[in-house]
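Structure below is coords.txt: compact mmCIF, C-alpha atoms (C1' of nucleotides).
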```
# COMPACT_ATOMS: atom_id res chain seq x y z
CA MET A 293 -11.39 6.91 -1.60
CA GLY A 294 -7.75 6.01 -2.12
CA ASP A 295 -7.63 5.47 1.62
CA VAL A 296 -9.52 2.23 1.12
CA PHE A 297 -6.89 0.84 -1.20
CA LYS A 298 -4.07 1.89 1.09
CA ALA A 299 -5.87 0.35 4.05
CA LEU A 300 -6.16 -2.94 2.21
CA ALA A 301 -2.52 -2.93 1.17
CA ASP A 302 -1.27 -4.26 4.51
CA PRO A 303 -1.57 -8.00 5.25
CA THR A 304 -2.13 -7.47 8.97
CA ARG A 305 -5.02 -5.12 8.27
CA ARG A 306 -6.54 -7.68 5.94
CA ARG A 307 -6.33 -10.24 8.73
CA ILE A 308 -8.10 -7.84 11.03
CA LEU A 309 -10.90 -7.52 8.50
CA ASP A 310 -11.03 -11.29 8.24
CA GLY A 311 -11.53 -11.51 11.98
CA LEU A 312 -14.21 -8.86 11.99
CA ALA A 313 -15.97 -10.62 9.13
CA GLU A 314 -16.19 -13.71 11.30
CA ARG A 315 -17.45 -11.89 14.36
CA ASP A 316 -18.56 -8.30 14.86
CA ASP A 317 -18.19 -6.11 17.94
CA GLN A 318 -14.69 -7.10 18.96
CA THR A 319 -12.58 -5.08 21.35
CA LEU A 320 -8.96 -4.19 20.68
CA PHE A 321 -7.74 -6.94 22.99
CA GLU A 322 -9.96 -9.53 21.36
CA ILE A 323 -8.58 -8.58 17.96
CA CYS A 324 -5.02 -8.82 19.24
CA ALA A 325 -5.68 -12.23 20.77
CA ARG A 326 -7.26 -13.53 17.58
CA LEU A 327 -4.36 -12.36 15.44
CA ALA A 328 -1.89 -13.99 17.78
CA THR A 329 -3.59 -17.36 18.10
CA GLN A 330 -5.07 -17.79 14.64
CA HIS A 331 -2.52 -16.05 12.45
CA GLN A 332 0.71 -16.01 14.48
CA ILE A 333 0.76 -12.22 14.28
CA SER A 334 2.41 -11.02 17.47
CA SER A 335 2.35 -7.27 17.01
CA SER A 336 1.95 -5.00 19.99
CA ARG A 337 -1.39 -3.65 21.10
CA GLN A 338 -0.46 -0.20 19.86
CA ALA A 339 0.43 -1.51 16.43
CA ILE A 340 -3.00 -3.09 16.07
CA SER A 341 -4.61 0.05 17.46
CA GLN A 342 -2.94 2.11 14.76
CA HIS A 343 -4.11 -0.33 12.11
CA LEU A 344 -7.66 -0.02 13.39
CA GLU A 345 -7.41 3.75 13.30
CA LEU A 346 -6.39 3.57 9.66
CA LEU A 347 -9.20 1.16 8.85
CA GLU A 348 -11.69 3.46 10.52
CA GLU A 349 -10.46 6.45 8.51
CA ALA A 350 -10.94 4.40 5.38
CA GLY A 351 -14.52 3.70 6.41
CA LEU A 352 -13.95 -0.04 6.61
CA VAL A 353 -14.43 -0.26 10.38
CA ARG A 354 -17.01 1.40 12.58
CA THR A 355 -16.46 1.77 16.32
CA ARG A 356 -18.74 2.06 19.32
CA ARG A 357 -17.78 3.05 22.86
CA GLU A 358 -19.28 1.31 25.83
CA GLY A 359 -17.73 2.08 29.19
CA ARG A 360 -14.07 1.23 28.99
CA TYR A 361 -14.65 -1.02 26.00
CA LYS A 362 -14.48 0.03 22.36
CA PHE A 363 -16.16 -2.33 19.95
CA HIS A 364 -15.12 -2.62 16.32
CA THR A 365 -17.38 -3.64 13.48
CA LEU A 366 -16.70 -4.32 9.82
CA ASP A 367 -18.31 -1.99 7.28
CA THR A 368 -18.31 -3.52 3.83
CA ALA A 369 -19.81 -0.52 2.08
CA PRO A 370 -16.53 0.83 0.67
CA LEU A 371 -15.56 -2.62 -0.59
CA ALA A 372 -18.59 -2.99 -2.79
CA GLN A 373 -17.39 -0.36 -5.23
CA ILE A 374 -13.62 -0.45 -5.43
CA ALA A 375 -13.27 -3.45 -7.72
CA GLN A 376 -16.13 -2.29 -9.91
CA ARG A 377 -14.00 0.65 -11.02
CA TRP A 378 -12.26 -1.41 -13.69
CA LEU A 379 -14.69 -4.28 -14.01
CA ARG A 380 -17.47 -2.30 -15.60
CA LYS A 381 -16.90 -1.92 -19.30
CA PRO A 382 -19.99 -0.09 -20.61
CA GLN A 383 -19.56 -1.08 -24.25
CA GLU A 384 -19.46 -4.73 -23.34
CA ASN A 385 -22.64 -4.76 -21.31
CA PRO A 386 -25.54 -6.62 -22.89
CA MET B 217 -2.43 -12.46 -3.86
CA GLY B 218 -1.51 -9.62 -1.55
CA ASP B 219 0.42 -8.23 -4.47
CA VAL B 220 -2.86 -7.15 -6.02
CA PHE B 221 -3.75 -5.01 -3.03
CA LYS B 222 -0.33 -3.45 -2.88
CA ALA B 223 -0.46 -2.74 -6.59
CA LEU B 224 -3.77 -0.93 -6.18
CA ALA B 225 -2.53 1.11 -3.24
CA ASP B 226 -0.75 3.68 -5.38
CA PRO B 227 -2.80 6.42 -7.12
CA THR B 228 -0.52 6.55 -10.16
CA ARG B 229 -0.92 2.82 -10.72
CA ARG B 230 -4.68 3.19 -10.48
CA ARG B 231 -4.51 5.87 -13.17
CA ILE B 232 -2.51 3.52 -15.34
CA LEU B 233 -5.24 0.91 -14.97
CA ASP B 234 -7.80 3.56 -15.84
CA GLY B 235 -5.95 4.29 -19.04
CA LEU B 236 -5.64 0.63 -19.94
CA ALA B 237 -9.33 0.13 -19.25
CA GLU B 238 -10.06 2.78 -21.87
CA ARG B 239 -7.71 1.34 -24.46
CA ASP B 240 -5.73 -1.87 -24.56
CA ASP B 241 -2.32 -2.52 -26.11
CA GLN B 242 -0.57 0.66 -25.09
CA THR B 243 3.18 1.06 -25.13
CA LEU B 244 5.15 2.53 -22.26
CA PHE B 245 5.43 5.88 -24.04
CA GLU B 246 1.73 5.99 -24.81
CA ILE B 247 0.95 5.37 -21.16
CA CYS B 248 3.37 8.10 -20.08
CA ALA B 249 1.84 10.55 -22.53
CA ARG B 250 -1.68 9.77 -21.37
CA LEU B 251 -0.81 10.23 -17.72
CA ALA B 252 0.84 13.56 -18.48
CA THR B 253 -1.92 15.03 -20.60
CA GLN B 254 -5.01 13.60 -18.94
CA HIS B 255 -3.97 13.43 -15.32
CA GLN B 256 -1.11 15.91 -14.95
CA ILE B 257 1.16 13.12 -13.78
CA SER B 258 4.65 14.00 -14.92
CA SER B 259 6.67 11.11 -13.62
CA SER B 260 9.69 9.89 -15.51
CA ARG B 261 9.52 7.04 -17.98
CA GLN B 262 11.39 4.79 -15.54
CA ALA B 263 8.93 5.52 -12.79
CA ILE B 264 6.04 4.43 -14.95
CA SER B 265 8.03 1.42 -16.11
CA GLN B 266 8.51 0.33 -12.51
CA HIS B 267 4.81 0.76 -11.85
CA LEU B 268 4.00 -1.42 -14.85
CA GLU B 269 6.42 -4.06 -13.64
CA LEU B 270 4.63 -4.13 -10.30
CA LEU B 271 1.23 -4.31 -11.97
CA GLU B 272 2.43 -7.20 -14.12
CA GLU B 273 3.70 -9.10 -11.08
CA ALA B 274 0.30 -8.62 -9.51
CA GLY B 275 -1.33 -10.13 -12.59
CA LEU B 276 -3.23 -6.97 -13.37
CA VAL B 277 -1.36 -6.23 -16.60
CA ARG B 278 -0.28 -8.58 -19.36
CA THR B 279 2.47 -7.63 -21.78
CA ARG B 280 3.32 -8.62 -25.33
CA ARG B 281 6.55 -7.89 -27.19
CA GLU B 282 6.51 -6.87 -30.83
CA GLY B 283 9.79 -5.70 -32.25
CA ARG B 284 10.96 -2.82 -30.18
CA TYR B 285 7.48 -2.19 -28.82
CA LYS B 286 6.01 -3.68 -25.66
CA PHE B 287 2.27 -3.57 -25.44
CA HIS B 288 0.42 -3.54 -22.15
CA THR B 289 -3.06 -4.89 -21.57
CA LEU B 290 -5.35 -4.81 -18.56
CA ASP B 291 -6.25 -8.13 -16.95
CA THR B 292 -9.27 -7.79 -14.71
CA ALA B 293 -9.18 -11.39 -13.49
CA PRO B 294 -7.54 -10.65 -10.12
CA LEU B 295 -9.96 -7.80 -9.46
CA ALA B 296 -13.03 -9.97 -9.65
CA GLN B 297 -12.20 -11.75 -6.41
CA ILE B 298 -10.44 -9.36 -4.07
CA ALA B 299 -13.50 -7.48 -2.86
CA GLN B 300 -15.53 -10.68 -2.59
CA ARG B 301 -13.22 -11.78 0.21
CA TRP B 302 -15.19 -9.83 2.81
CA LEU B 303 -18.42 -9.28 0.95
CA ARG B 304 -19.57 -12.87 1.02
CA LYS B 305 -21.37 -13.65 4.22
CA PRO B 306 -22.74 -17.17 3.79
CA GLN B 307 -25.34 -17.01 6.53
CA GLU B 308 -26.89 -13.91 5.01
CA ASN B 309 -27.29 -15.26 1.50
CA PRO B 310 -30.88 -15.98 0.42
C1' DA C 252 -8.98 4.61 48.16
C1' DC C 253 -6.46 1.21 45.63
C1' DT C 254 -5.49 -1.81 41.87
C1' DA C 255 -6.20 -3.88 37.54
C1' DT C 256 -7.98 -3.47 33.02
C1' DA C 257 -8.99 -1.19 28.38
C1' DG C 258 -7.37 2.10 25.69
C1' DG C 259 -4.91 6.65 24.05
C1' DC C 260 -0.85 9.88 23.02
C1' DA C 261 3.53 10.87 21.22
C1' DA C 262 8.35 10.41 19.97
C1' DG C 263 11.79 7.45 17.92
C1' DT C 264 13.48 3.80 14.70
C1' DA C 265 14.07 0.72 10.92
C1' DA C 266 12.37 -0.87 6.75
C1' DC C 267 10.03 0.09 2.64
C1' DC C 268 8.57 2.58 -1.49
C1' DA C 269 8.24 5.92 -5.27
C1' DC C 270 11.13 8.39 -7.88
C1' DT C 271 15.31 10.04 -10.02
C1' DT C 272 19.79 9.77 -12.44
C1' DG C 273 23.05 7.78 -15.48
C1' DC C 274 24.26 4.41 -18.52
C1' DC C 275 23.31 0.39 -21.47
C1' DT C 276 20.86 -2.82 -25.08
C1' DA C 277 17.90 -3.63 -29.01
C1' DT C 278 15.15 -2.52 -32.95
C1' DC C 279 14.22 0.20 -37.08
C1' DA C 280 14.87 3.84 -40.67
C1' DA C 281 18.07 6.69 -43.48
C1' DT D 192 26.78 2.13 -40.54
C1' DT D 193 24.89 5.88 -38.28
C1' DG D 194 21.38 7.91 -35.66
C1' DA D 195 17.03 7.83 -33.50
C1' DT D 196 13.56 5.45 -30.95
C1' DA D 197 11.69 2.06 -27.37
C1' DG D 198 12.91 0.05 -23.49
C1' DG D 199 15.96 -2.06 -19.55
C1' DC D 200 19.37 -2.17 -15.49
C1' DA D 201 21.03 -0.55 -11.23
C1' DA D 202 22.49 2.50 -7.59
C1' DG D 203 21.09 6.33 -4.76
C1' DT D 204 17.73 9.42 -2.26
C1' DG D 205 13.76 11.43 0.22
C1' DG D 206 9.54 10.53 2.11
C1' DT D 207 6.31 7.29 3.97
C1' DT D 208 4.94 3.58 7.03
C1' DA D 209 4.74 -0.17 10.37
C1' DC D 210 6.25 -0.95 14.72
C1' DT D 211 8.14 -0.19 19.28
C1' DT D 212 8.76 2.09 23.78
C1' DG D 213 7.31 4.82 27.56
C1' DC D 214 3.97 7.26 29.79
C1' DC D 215 -0.79 8.87 30.56
C1' DT D 216 -6.21 8.72 31.09
C1' DA D 217 -10.45 6.44 32.21
C1' DT D 218 -13.46 2.84 33.65
C1' DA D 219 -14.48 -1.10 36.71
C1' DG D 220 -13.86 -4.32 40.56
C1' DT D 221 -12.55 -5.04 45.66
```
Show me, as structure tokens, the structure contained in the file I just sent.
Amino acid sequence: MGDVFKALADPTRRRILDGLAERDDQTLFEICARLATQHQISSSRQAISQHLELLEEAGLVRTRREGRYKFHTLDTAPLAQIAQRWLRKPQENP
Amino acid sequence: MGDVFKALADPTRRRILDGLAERDDQTLFEICARLATQHQISSSRQAISQHLELLEEAGLVRTRREGRYKFHTLDTAPLAQIAQRWLRKPQENP
DNA sequence: ACTATAGGCAAGTAACCACTTGCCTATCAA
DNA sequence: TTGATAGGCAAGTGGTTACTTGCCTATAGT
């Protein structure tokens, strides 16, 4: 569960999630290209690959293999709960 | 804004927020005592102080001086928006 | 078969982060 | 004023992390 917070702590990873929120099923190279052109992030392919690995471990990204392509998709399920941890105050509910 | 995510990335800081969610206006020593007894976190006073400083910079904690005491209060305002960043998908709204 | 493309593995490096240690300031009570 | 309490400042350290570099595997086109 703490993996989600750690995954979100890095600005590059947040940009990756932004890109996946705009369009699903992106390959590693597509994600790299998007980061470079839209956000001036010129990290190496391996750097982005490692970020994606971390995001997948946190449950924020789901992957699917197809031939030599690996497609990445955003999974918002873990996000729905993290902020609620401190937002819910039982005694203040109507 | 990214400060909020980084602040939430550390488990000890999340415990501090837990404690402040239970009771507001805690001093540094109260927070240290709570972490030690309730969560077996035996960090030094300075360590906790540095965590609180980070949380304050992120806007998650507000402080108030009173004599030699400094009271800490949870501010949930930044939390309300961070998760929404990827949750809102306009085209899927009813 | 050969070449290019998409991606993976692993070691090394530099910066960052959590934490400690030691000393200092300020407030309050006796 | 003296001593105790609450907190702050700053340098140093060990572990983590983001990133690179170099090489390797696998799929697809020609």
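Between atom CA of B:Thr228 and atom CA of B:Ala263 there is a distance of 9.9 Å.
Distances to chain A were evaluated for D:DT218, D:DT192, D:DT204, D:DT212 using all atoms listed in the file, and the minimum falls at D:DT218.
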- [ ] Could you tell me which of C:DA281, C:DC274, C:DA257, C:DC268 comes closest to chain A if we count only C-alpha atoms (C1' of nucleotides)?
- [x] C:DA257
Could you give me, as a tab-separated table, every chain A residue with an atom at most 9 Å from chain B, plus its closest atom pair and distance in Å to one decimal, counting only C-alpha atoms, rows ordered by chain then number?
```
residue	atom	partner	partner_atom	distance
A:Gly294	CA	B:Pro227	CA	7.0
A:Asp295	CA	B:Ala225	CA	8.3
A:Val296	CA	B:Ala225	CA	8.3
A:Phe297	CA	B:Ala225	CA	4.8
A:Lys298	CA	B:Ala225	CA	4.7
A:Ala299	CA	B:Ala225	CA	8.1
A:Leu300	CA	B:Phe221	CA	6.1
A:Ala301	CA	B:Lys222	CA	4.6
A:Asp302	CA	B:Lys222	CA	7.5
A:Pro303	CA	B:Gly218	CA	7.0
A:Leu309	CA	B:Trp302	CA	7.5
A:Asp310	CA	B:Trp302	CA	7.0
A:Ala313	CA	B:Trp302	CA	6.4
A:Glu314	CA	B:Lys305	CA	8.8
A:Thr368	CA	B:Leu303	CA	6.4
A:Ala369	CA	B:Leu303	CA	8.9
A:Leu371	CA	B:Ala299	CA	5.7
A:Ala372	CA	B:Ala299	CA	6.8
A:Gln373	CA	B:Ala299	CA	8.5
A:Ile374	CA	B:Ala299	CA	7.5
A:Ala375	CA	B:Leu295	CA	5.7
A:Gln376	CA	B:Leu295	CA	8.3
A:Arg377	CA	B:Asp234	CA	8.4
A:Trp378	CA	B:Ala237	CA	6.5
A:Leu379	CA	B:Thr292	CA	6.5
A:Lys381	CA	B:Ala237	CA	7.8
```
For the residues selected in the previous step, produce a file with C-alpha atoms as an mmCIF file, in the coordinates of the input.
```cif
data_model
loop_
_atom_site.group_PDB
_atom_site.id
_atom_site.type_symbol
_atom_site.label_atom_id
_atom_site.label_comp_id
_atom_site.auth_asym_id
_atom_site.auth_seq_id
_atom_site.Cartn_x
_atom_site.Cartn_y
_atom_site.Cartn_z
ATOM 1 C CA GLY A 294 -7.750 6.010 -2.120
ATOM 2 C CA ASP A 295 -7.630 5.470 1.620
ATOM 3 C CA VAL A 296 -9.520 2.230 1.120
ATOM 4 C CA PHE A 297 -6.890 0.840 -1.200
ATOM 5 C CA LYS A 298 -4.070 1.890 1.090
ATOM 6 C CA ALA A 299 -5.870 0.350 4.050
ATOM 7 C CA LEU A 300 -6.160 -2.940 2.210
ATOM 8 C CA ALA A 301 -2.520 -2.930 1.170
ATOM 9 C CA ASP A 302 -1.270 -4.260 4.510
ATOM 10 C CA PRO A 303 -1.570 -8.000 5.250
ATOM 11 C CA LEU A 309 -10.900 -7.520 8.500
ATOM 12 C CA ASP A 310 -11.030 -11.290 8.240
ATOM 13 C CA ALA A 313 -15.970 -10.620 9.130
ATOM 14 C CA GLU A 314 -16.190 -13.710 11.300
ATOM 15 C CA THR A 368 -18.310 -3.520 3.830
ATOM 16 C CA ALA A 369 -19.810 -0.520 2.080
ATOM 17 C CA LEU A 371 -15.560 -2.620 -0.590
ATOM 18 C CA ALA A 372 -18.590 -2.990 -2.790
ATOM 19 C CA GLN A 373 -17.390 -0.360 -5.230
ATOM 20 C CA ILE A 374 -13.620 -0.450 -5.430
ATOM 21 C CA ALA A 375 -13.270 -3.450 -7.720
ATOM 22 C CA GLN A 376 -16.130 -2.290 -9.910
ATOM 23 C CA ARG A 377 -14.000 0.650 -11.020
ATOM 24 C CA TRP A 378 -12.260 -1.410 -13.690
ATOM 25 C CA LEU A 379 -14.690 -4.280 -14.010
ATOM 26 C CA LYS A 381 -16.900 -1.920 -19.300
#
```
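Among D:DG199, D:DA209, D:DT193, D:DC214, the residue with the shortest atom-to-atom distance to A:Gln342, counting all atoms listed in the file, is D:DA209.
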- [ ] Determine, counting all atoms listed in the file, which protein, DNA and RNA residues have an atom within 12 Å of an atom of C:DT271; residues of the same chain fewer than 6 positions away are not included. Present the result as a PyMOL selection string.
- [x] (chain B and resi 259-264) or (chain D and resi 202-205)
Open item on the list: Counting all atoms listed in the file, which residue out of B:Val277, B:Met217, B:Ile232, B:Leu244 sits closest to D:DG198?
Closed with: B:Leu244
Write out, as a Markdown table, each residue of chain A that has an atom at most 8 Å from chain C, together with the closest pair of atoms and their distance in Å to one decimal, counting only C-alpha atoms (C1' of nucleotides), rows going by chain and rising number.
```
| residue | atom | partner | partner_atom | distance |
| --- | --- | --- | --- | --- |
| A:Phe321 | CA | C:DA257 | C1' | 8.0 |
| A:Arg360 | CA | C:DA257 | C1' | 5.7 |
| A:Tyr361 | CA | C:DA257 | C1' | 6.1 |
```
Let's have chain A fitted on chain B; use all the C-alpha atoms paired in order for the least-squares step and return it as a PDB file with C-alpha atoms, in the frame of the given file.
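What follows is the written file result.pdb:
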```pdb
ATOM      1  CA  MET A 293      -2.535 -12.419  -3.767  1.00  0.00           C
ATOM      2  CA  GLY A 294      -1.579  -9.573  -1.461  1.00  0.00           C
ATOM      3  CA  ASP A 295       0.390  -8.220  -4.391  1.00  0.00           C
ATOM      4  CA  VAL A 296      -2.876  -7.145  -5.972  1.00  0.00           C
ATOM      5  CA  PHE A 297      -3.813  -4.999  -3.013  1.00  0.00           C
ATOM      6  CA  LYS A 298      -0.369  -3.450  -2.828  1.00  0.00           C
ATOM      7  CA  ALA A 299      -0.454  -2.759  -6.555  1.00  0.00           C
ATOM      8  CA  LEU A 300      -3.752  -0.948  -6.181  1.00  0.00           C
ATOM      9  CA  ALA A 301      -2.542   1.105  -3.240  1.00  0.00           C
ATOM     10  CA  ASP A 302      -0.737   3.662  -5.406  1.00  0.00           C
ATOM     11  CA  PRO A 303      -2.772   6.404  -7.128  1.00  0.00           C
ATOM     12  CA  THR A 304      -0.490   6.533 -10.163  1.00  0.00           C
ATOM     13  CA  ARG A 305      -0.899   2.805 -10.714  1.00  0.00           C
ATOM     14  CA  ARG A 306      -4.654   3.183 -10.499  1.00  0.00           C
ATOM     15  CA  ARG A 307      -4.467   5.859 -13.179  1.00  0.00           C
ATOM     16  CA  ILE A 308      -2.482   3.509 -15.351  1.00  0.00           C
ATOM     17  CA  LEU A 309      -5.207   0.906 -14.982  1.00  0.00           C
ATOM     18  CA  ASP A 310      -7.775   3.543 -15.848  1.00  0.00           C
ATOM     19  CA  GLY A 311      -5.918   4.267 -19.059  1.00  0.00           C
ATOM     20  CA  LEU A 312      -5.609   0.618 -19.951  1.00  0.00           C
ATOM     21  CA  ALA A 313      -9.305   0.130 -19.262  1.00  0.00           C
ATOM     22  CA  GLU A 314     -10.036   2.779 -21.861  1.00  0.00           C
ATOM     23  CA  ARG A 315      -7.699   1.358 -24.465  1.00  0.00           C
ATOM     24  CA  ASP A 316      -5.722  -1.875 -24.560  1.00  0.00           C
ATOM     25  CA  ASP A 317      -2.324  -2.532 -26.122  1.00  0.00           C
ATOM     26  CA  GLN A 318      -0.570   0.654 -25.100  1.00  0.00           C
ATOM     27  CA  THR A 319       3.182   1.062 -25.155  1.00  0.00           C
ATOM     28  CA  LEU A 320       5.151   2.540 -22.278  1.00  0.00           C
ATOM     29  CA  PHE A 321       5.439   5.883 -24.046  1.00  0.00           C
ATOM     30  CA  GLU A 322       1.733   6.005 -24.786  1.00  0.00           C
ATOM     31  CA  ILE A 323       0.977   5.379 -21.125  1.00  0.00           C
ATOM     32  CA  CYS A 324       3.384   8.111 -20.070  1.00  0.00           C
ATOM     33  CA  ALA A 325       1.848  10.567 -22.522  1.00  0.00           C
ATOM     34  CA  ARG A 326      -1.669   9.776 -21.355  1.00  0.00           C
ATOM     35  CA  LEU A 327      -0.770  10.247 -17.704  1.00  0.00           C
ATOM     36  CA  ALA A 328       0.861  13.563 -18.466  1.00  0.00           C
ATOM     37  CA  THR A 329      -1.898  15.047 -20.595  1.00  0.00           C
ATOM     38  CA  GLN A 330      -4.986  13.614 -18.934  1.00  0.00           C
ATOM     39  CA  HIS A 331      -3.937  13.431 -15.302  1.00  0.00           C
ATOM     40  CA  GLN A 332      -1.072  15.923 -14.941  1.00  0.00           C
ATOM     41  CA  ILE A 333       1.193  13.113 -13.766  1.00  0.00           C
ATOM     42  CA  SER A 334       4.683  14.022 -14.918  1.00  0.00           C
ATOM     43  CA  SER A 335       6.711  11.111 -13.619  1.00  0.00           C
ATOM     44  CA  SER A 336       9.712   9.883 -15.537  1.00  0.00           C
ATOM     45  CA  ARG A 337       9.541   7.034 -17.999  1.00  0.00           C
ATOM     46  CA  GLN A 338      11.411   4.787 -15.599  1.00  0.00           C
ATOM     47  CA  ALA A 339       8.984   5.511 -12.796  1.00  0.00           C
ATOM     48  CA  ILE A 340       6.062   4.420 -14.955  1.00  0.00           C
ATOM     49  CA  SER A 341       8.042   1.411 -16.143  1.00  0.00           C
ATOM     50  CA  GLN A 342       8.542   0.315 -12.555  1.00  0.00           C
ATOM     51  CA  HIS A 343       4.845   0.751 -11.858  1.00  0.00           C
ATOM     52  CA  LEU A 344       4.023  -1.425 -14.846  1.00  0.00           C
ATOM     53  CA  GLU A 345       6.442  -4.068 -13.642  1.00  0.00           C
ATOM     54  CA  LEU A 346       4.657  -4.144 -10.306  1.00  0.00           C
ATOM     55  CA  LEU A 347       1.259  -4.337 -11.973  1.00  0.00           C
ATOM     56  CA  GLU A 348       2.443  -7.217 -14.113  1.00  0.00           C
ATOM     57  CA  GLU A 349       3.715  -9.116 -11.069  1.00  0.00           C
ATOM     58  CA  ALA A 350       0.319  -8.643  -9.496  1.00  0.00           C
ATOM     59  CA  GLY A 351      -1.296 -10.152 -12.575  1.00  0.00           C
ATOM     60  CA  LEU A 352      -3.218  -6.986 -13.373  1.00  0.00           C
ATOM     61  CA  VAL A 353      -1.333  -6.242 -16.595  1.00  0.00           C
ATOM     62  CA  ARG A 354      -0.275  -8.583 -19.361  1.00  0.00           C
ATOM     63  CA  THR A 355       2.477  -7.629 -21.800  1.00  0.00           C
ATOM     64  CA  ARG A 356       3.314  -8.581 -25.360  1.00  0.00           C
ATOM     65  CA  ARG A 357       6.537  -7.872 -27.241  1.00  0.00           C
ATOM     66  CA  GLU A 358       6.484  -6.841 -30.851  1.00  0.00           C
ATOM     67  CA  GLY A 359       9.758  -5.638 -32.305  1.00  0.00           C
ATOM     68  CA  ARG A 360      10.947  -2.740 -30.220  1.00  0.00           C
ATOM     69  CA  TYR A 361       7.461  -2.151 -28.865  1.00  0.00           C
ATOM     70  CA  LYS A 362       6.014  -3.673 -25.707  1.00  0.00           C
ATOM     71  CA  PHE A 363       2.255  -3.562 -25.473  1.00  0.00           C
ATOM     72  CA  HIS A 364       0.418  -3.543 -22.161  1.00  0.00           C
ATOM     73  CA  THR A 365      -3.057  -4.889 -21.588  1.00  0.00           C
ATOM     74  CA  LEU A 366      -5.336  -4.817 -18.568  1.00  0.00           C
ATOM     75  CA  ASP A 367      -6.219  -8.151 -16.964  1.00  0.00           C
ATOM     76  CA  THR A 368      -9.242  -7.833 -14.727  1.00  0.00           C
ATOM     77  CA  ALA A 369      -9.179 -11.407 -13.487  1.00  0.00           C
ATOM     78  CA  PRO A 370      -7.538 -10.657 -10.123  1.00  0.00           C
ATOM     79  CA  LEU A 371      -9.955  -7.794  -9.493  1.00  0.00           C
ATOM     80  CA  ALA A 372     -13.027  -9.957  -9.693  1.00  0.00           C
ATOM     81  CA  GLN A 373     -12.252 -11.710  -6.431  1.00  0.00           C
ATOM     82  CA  ILE A 374     -10.535  -9.303  -4.081  1.00  0.00           C
ATOM     83  CA  ALA A 375     -13.601  -7.407  -2.911  1.00  0.00           C
ATOM     84  CA  GLN A 376     -15.630 -10.588  -2.617  1.00  0.00           C
ATOM     85  CA  ARG A 377     -13.397 -11.668   0.257  1.00  0.00           C
ATOM     86  CA  TRP A 378     -15.408  -9.675   2.783  1.00  0.00           C
ATOM     87  CA  LEU A 379     -18.607  -9.172   0.844  1.00  0.00           C
ATOM     88  CA  ARG A 380     -19.725 -12.766   0.941  1.00  0.00           C
ATOM     89  CA  LYS A 381     -21.424 -13.555   4.205  1.00  0.00           C
ATOM     90  CA  PRO A 382     -22.623 -17.168   3.866  1.00  0.00           C
ATOM     91  CA  GLN A 383     -25.208 -17.021   6.643  1.00  0.00           C
ATOM     92  CA  GLU A 384     -26.883 -14.052   5.049  1.00  0.00           C
ATOM     93  CA  ASN A 385     -27.281 -15.567   1.617  1.00  0.00           C
ATOM     94  CA  PRO A 386     -30.843 -16.403   0.629  1.00  0.00           C
TER      95      PRO A 386
END
```
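Counting all atoms listed in the file and comparing A:Leu352, A:His331, A:Thr365, A:His343, the residue that lies closest to chain D is A:His343.
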Task: A:Gln318 surroundings by all atoms listed in the file, 6 Å radius, close-in-sequence under 3 positions cut, as an MDAnalysis selection string - done: chainID A and resid 322 363:364
